[in-house]
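Please read the structure below before turning to the comments.
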Amino acid sequence: AKERTGIERALLSGTFAVNKFAPGGYVKLIKNVSEQGVFTEVFNASASSEAIRFYKDKMNHSAVAKVEELRKLALERGDAGNFGIDAEDWFATATTKINLLKDVDDFLAREIIMIAQTKGDDAQRAVIMFGFLSIVLLALTVLTAWAITRAITKPVTEISRIAERIAQGDVKQTISIISRDEIGTLANSFRDMMNYVQEIAKAAQTIAKNDLRV
């Protein structure tokens, strides 16, 4: 509404200076006042409660009431003219109102900046949280993969070590692996094989001692 108030100031300054409206000036004033009213309604419907309170405090200034009074006089007399209003006084009063509206604009600008900063901070926190969760998820994935790999490689390594010792002639080996998965099945099969090899080795030792009671 500040820009429309500036237009009204210029329009009525010229009007009061010559004490009459220029052709079409009266209609322009009515249109301008209507537009200011629409802007005010939109502001009251969409602005924050703090901004509306700040606006009302500023519009409570005596200069605003005087602008309304002088405007009302201009509208009432219309094209008849003969307003008897000092143009310089009107200009100064309207300028005071414009400055008050400028204060409202500045307040709104600061409010928008604060909102933007808050949104920016929220977005930054969301990015940091997302990054943190991604790192945690990656760490859990790596840990899970390591645990699964260890659960597979450790028993397989043990079986390989025992098989190597048996191949070297040391058949007195035991397998400590006990599980119900595929590794456990493999360990049980290898354990049965070890038992068979141990029995064969025992029988061979007995024969070597000329004891044929095997």
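Letters A, B, ... mark the chains of the structure tokens in the order given; residue numbers begin at 1 per chain; ligand numbers begin at 1, in order shown.
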
* Please identify which residues in segment 25-182 of chain A DSSP calls helix (DSSP H, G or I) from the backbone, and express them as a VMD selection string. => chain A and resid 25 to 46 49 to 59 62 to 80 87 to 167 182

* To do: Within 12 Å of segment 153-160 of chain A, counting only C-alpha atoms, which residues show up once you throw out same-chain ones fewer than 5 positions away? Write them as a PyMOL selection string, please.
  => chain A and resi 145-148+165-167+173-179+181-191+193-194

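Summary of the local environment: counting only C-alpha atoms, residues at most 12 Å from segment 27-30 of chain A, other than itself and those fewer than 5 positions away along its chain, are Arg4, Thr5, Gly6, Ile7, Glu8, Arg9, Ala10, Leu11, Leu12, Ser13, Thr15, Phe21, Ala22, Glu35, Gln36, Gly37, Arg71, Lys72, Ala74, Leu75, Glu76, Gly78 and Asp79 of chain A.
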
Limited to N, CA, C and O atoms, could you put the picked residues into a file as a PDB file, in the first residue's frame?
ATOM      1  N   ARG A   4       0.872   2.898  -3.400  1.00  0.00           N
ATOM      2  CA  ARG A   4      -0.412   3.550  -3.710  1.00  0.00           C
ATOM      3  C   ARG A   4      -0.575   4.838  -2.907  1.00  0.00           C
ATOM      4  O   ARG A   4      -1.146   5.818  -3.398  1.00  0.00           O
ATOM      5  N   THR A   5      -0.054   4.848  -1.694  1.00  0.00           N
ATOM      6  CA  THR A   5      -0.100   6.074  -0.888  1.00  0.00           C
ATOM      7  C   THR A   5       0.772   7.156  -1.517  1.00  0.00           C
ATOM      8  O   THR A   5       0.425   8.348  -1.483  1.00  0.00           O
ATOM      9  N   GLY A   6       1.891   6.747  -2.103  1.00  0.00           N
ATOM     10  CA  GLY A   6       2.744   7.709  -2.806  1.00  0.00           C
ATOM     11  C   GLY A   6       2.030   8.316  -4.003  1.00  0.00           C
ATOM     12  O   GLY A   6       2.154   9.532  -4.272  1.00  0.00           O
ATOM     13  N   ILE A   7       1.283   7.483  -4.732  1.00  0.00           N
ATOM     14  CA  ILE A   7       0.511   7.989  -5.872  1.00  0.00           C
ATOM     15  C   ILE A   7      -0.573   8.952  -5.390  1.00  0.00           C
ATOM     16  O   ILE A   7      -0.813  10.020  -5.997  1.00  0.00           O
ATOM     17  N   GLU A   8      -1.235   8.603  -4.288  1.00  0.00           N
ATOM     18  CA  GLU A   8      -2.264   9.477  -3.728  1.00  0.00           C
ATOM     19  C   GLU A   8      -1.664  10.815  -3.289  1.00  0.00           C
ATOM     20  O   GLU A   8      -2.271  11.884  -3.502  1.00  0.00           O
ATOM     21  N   ARG A   9      -0.494  10.760  -2.694  1.00  0.00           N
ATOM     22  CA  ARG A   9       0.168  12.004  -2.273  1.00  0.00           C
ATOM     23  C   ARG A   9       0.404  12.921  -3.467  1.00  0.00           C
ATOM     24  O   ARG A   9       0.098  14.129  -3.419  1.00  0.00           O
ATOM     25  N   ALA A  10       0.923  12.378  -4.560  1.00  0.00           N
ATOM     26  CA  ALA A  10       1.195  13.189  -5.749  1.00  0.00           C
ATOM     27  C   ALA A  10      -0.098  13.709  -6.372  1.00  0.00           C
ATOM     28  O   ALA A  10      -0.189  14.889  -6.771  1.00  0.00           O
ATOM     29  N   LEU A  11      -1.102  12.837  -6.435  1.00  0.00           N
ATOM     30  CA  LEU A  11      -2.374  13.217  -7.048  1.00  0.00           C
ATOM     31  C   LEU A  11      -3.045  14.366  -6.294  1.00  0.00           C
ATOM     32  O   LEU A  11      -3.448  15.386  -6.899  1.00  0.00           O
ATOM     33  N   LEU A  12      -3.139  14.249  -4.981  1.00  0.00           N
ATOM     34  CA  LEU A  12      -3.822  15.279  -4.204  1.00  0.00           C
ATOM     35  C   LEU A  12      -2.945  16.507  -3.985  1.00  0.00           C
ATOM     36  O   LEU A  12      -3.478  17.611  -3.740  1.00  0.00           O
ATOM     37  N   SER A  13      -1.632  16.365  -4.069  1.00  0.00           N
ATOM     38  CA  SER A  13      -0.769  17.556  -3.977  1.00  0.00           C
ATOM     39  C   SER A  13      -1.070  18.509  -5.122  1.00  0.00           C
ATOM     40  O   SER A  13      -1.229  19.729  -4.927  1.00  0.00           O
ATOM     41  N   THR A  15      -3.811  18.472  -6.906  1.00  0.00           N
ATOM     42  CA  THR A  15      -5.220  18.871  -6.797  1.00  0.00           C
ATOM     43  C   THR A  15      -5.399  20.014  -5.804  1.00  0.00           C
ATOM     44  O   THR A  15      -6.064  21.018  -6.079  1.00  0.00           O
ATOM     45  N   PHE A  21      -9.751  19.193  -9.023  1.00  0.00           N
ATOM     46  CA  PHE A  21      -9.232  17.990  -9.662  1.00  0.00           C
ATOM     47  C   PHE A  21      -8.945  18.261 -11.129  1.00  0.00           C
ATOM     48  O   PHE A  21      -9.701  18.962 -11.811  1.00  0.00           O
ATOM     49  N   ALA A  22      -7.852  17.661 -11.633  1.00  0.00           N
ATOM     50  CA  ALA A  22      -7.591  17.662 -13.067  1.00  0.00           C
ATOM     51  C   ALA A  22      -8.575  16.694 -13.710  1.00  0.00           C
ATOM     52  O   ALA A  22      -9.176  15.853 -13.024  1.00  0.00           O
ATOM     53  N   GLU A  35      -7.869   0.505  -4.161  1.00  0.00           N
ATOM     54  CA  GLU A  35      -6.717  -0.409  -4.231  1.00  0.00           C
ATOM     55  C   GLU A  35      -5.996  -0.484  -2.883  1.00  0.00           C
ATOM     56  O   GLU A  35      -5.570  -1.565  -2.464  1.00  0.00           O
ATOM     57  N   GLN A  36      -5.881   0.656  -2.203  1.00  0.00           N
ATOM     58  CA  GLN A  36      -5.259   0.638  -0.878  1.00  0.00           C
ATOM     59  C   GLN A  36      -6.057  -0.236   0.091  1.00  0.00           C
ATOM     60  O   GLN A  36      -5.480  -0.962   0.904  1.00  0.00           O
ATOM     61  N   GLY A  37      -7.380  -0.162  -0.018  1.00  0.00           N
ATOM     62  CA  GLY A  37      -8.223  -0.980   0.845  1.00  0.00           C
ATOM     63  C   GLY A  37      -8.040  -2.466   0.581  1.00  0.00           C
ATOM     64  O   GLY A  37      -7.989  -3.274   1.516  1.00  0.00           O
ATOM     65  N   ARG A  71      -8.412  13.306   2.796  1.00  0.00           N
ATOM     66  CA  ARG A  71      -8.892  12.520   1.660  1.00  0.00           C
ATOM     67  C   ARG A  71     -10.421  12.533   1.621  1.00  0.00           C
ATOM     68  O   ARG A  71     -11.032  12.670   0.553  1.00  0.00           O
ATOM     69  N   LYS A  72     -11.051  12.383   2.792  1.00  0.00           N
ATOM     70  CA  LYS A  72     -12.506  12.379   2.866  1.00  0.00           C
ATOM     71  C   LYS A  72     -13.080  13.700   2.350  1.00  0.00           C
ATOM     72  O   LYS A  72     -14.078  13.720   1.619  1.00  0.00           O
ATOM     73  N   ALA A  74     -11.665  15.669   0.159  1.00  0.00           N
ATOM     74  CA  ALA A  74     -11.489  15.703  -1.294  1.00  0.00           C
ATOM     75  C   ALA A  74     -12.549  14.860  -1.993  1.00  0.00           C
ATOM     76  O   ALA A  74     -13.095  15.253  -3.037  1.00  0.00           O
ATOM     77  N   LEU A  75     -12.874  13.700  -1.415  1.00  0.00           N
ATOM     78  CA  LEU A  75     -13.882  12.838  -2.025  1.00  0.00           C
ATOM     79  C   LEU A  75     -15.280  13.443  -1.927  1.00  0.00           C
ATOM     80  O   LEU A  75     -16.102  13.289  -2.842  1.00  0.00           O
ATOM     81  N   GLU A  76     -15.559  14.102  -0.828  1.00  0.00           N
ATOM     82  CA  GLU A  76     -16.888  14.695  -0.642  1.00  0.00           C
ATOM     83  C   GLU A  76     -17.129  15.848  -1.606  1.00  0.00           C
ATOM     84  O   GLU A  76     -18.224  15.990  -2.155  1.00  0.00           O
ATOM     85  N   GLY A  78     -15.299  16.477  -4.405  1.00  0.00           N
ATOM     86  CA  GLY A  78     -15.150  15.963  -5.761  1.00  0.00           C
ATOM     87  C   GLY A  78     -14.769  17.017  -6.777  1.00  0.00           C
ATOM     88  O   GLY A  78     -13.916  17.886  -6.542  1.00  0.00           O
ATOM     89  N   ASP A  79     -15.419  16.940  -7.920  1.00  0.00           N
ATOM     90  CA  ASP A  79     -15.108  17.846  -9.025  1.00  0.00           C
ATOM     91  C   ASP A  79     -15.522  19.283  -8.734  1.00  0.00           C
ATOM     92  O   ASP A  79     -15.147  20.206  -9.475  1.00  0.00           O
TER      93      ASP A  79
END

Test item: residues at most 8 Å from segment 49-59 of chain A, only C-alpha atoms, excluding those fewer than 2 positions along its chain, as a JSON list (two decimals) with N, CA, C and O atoms, in the first residue's frame:
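Result file is part34.json:
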[["chain", "number", "residue", "atom", "x", "y", "z"],
["A", 43, "PHE", "N", -3.30, -7.95, 3.35],
["A", 43, "PHE", "CA", -2.27, -7.95, 4.39],
["A", 43, "PHE", "C", -2.82, -8.53, 5.69],
["A", 43, "PHE", "O", -2.18, -9.39, 6.31],
["A", 44, "ASN", "N", -3.99, -8.09, 6.10],
["A", 44, "ASN", "CA", -4.58, -8.56, 7.36],
["A", 44, "ASN", "C", -4.92, -10.04, 7.30],
["A", 44, "ASN", "O", -4.93, -10.73, 8.34],
["A", 47, "ALA", "N", -0.76, -11.79, 6.75],
["A", 47, "ALA", "CA", 0.41, -11.45, 7.57],
["A", 47, "ALA", "C", 0.36, -12.15, 8.92],
["A", 47, "ALA", "O", -0.70, -12.62, 9.37],
["A", 61, "HIS", "N", -0.88, 6.50, 14.27],
["A", 61, "HIS", "CA", -0.24, 7.82, 14.28],
["A", 61, "HIS", "C", -1.25, 8.89, 13.85],
["A", 61, "HIS", "O", -2.14, 8.65, 13.02],
["A", 64, "VAL", "N", -1.78, 9.61, 10.05],
["A", 64, "VAL", "CA", -2.65, 8.71, 9.29],
["A", 64, "VAL", "C", -4.10, 9.17, 9.39],
["A", 64, "VAL", "O", -4.82, 9.20, 8.38],
["A", 97, "LYS", "N", 2.95, 9.47, 6.63],
["A", 97, "LYS", "CA", 2.28, 8.16, 6.52],
["A", 97, "LYS", "C", 3.11, 7.19, 5.68],
["A", 97, "LYS", "O", 3.24, 6.01, 6.03],
["A", 100, "LEU", "N", 5.82, 5.82, 7.70],
["A", 100, "LEU", "CA", 5.30, 4.80, 8.62],
["A", 100, "LEU", "C", 5.09, 3.47, 7.89],
["A", 100, "LEU", "O", 5.39, 2.39, 8.44],
["A", 101, "LEU", "N", 4.59, 3.54, 6.67],
["A", 101, "LEU", "CA", 4.42, 2.33, 5.88],
["A", 101, "LEU", "C", 5.77, 1.72, 5.51],
["A", 101, "LEU", "O", 5.90, 0.49, 5.39],
["A", 104, "VAL", "N", 6.79, -0.43, 8.19],
["A", 104, "VAL", "CA", 6.10, -1.73, 8.12],
["A", 104, "VAL", "C", 6.79, -2.62, 7.09],
["A", 104, "VAL", "O", 6.99, -3.82, 7.33],
["A", 107, "PHE", "N", 9.87, -4.01, 8.60],
["A", 107, "PHE", "CA", 9.54, -5.06, 9.57],
["A", 107, "PHE", "C", 9.25, -6.37, 8.84],
["A", 107, "PHE", "O", 9.73, -7.44, 9.25],
["A", 108, "LEU", "N", 8.47, -6.28, 7.76],
["A", 108, "LEU", "CA", 8.15, -7.48, 6.98],
["A", 108, "LEU", "C", 9.40, -8.10, 6.37],
["A", 108, "LEU", "O", 9.54, -9.32, 6.32]]

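The space separating atom CA of Arg110 of chain A from atom CA of Lys2 of chain A comes to 17.1 Å.
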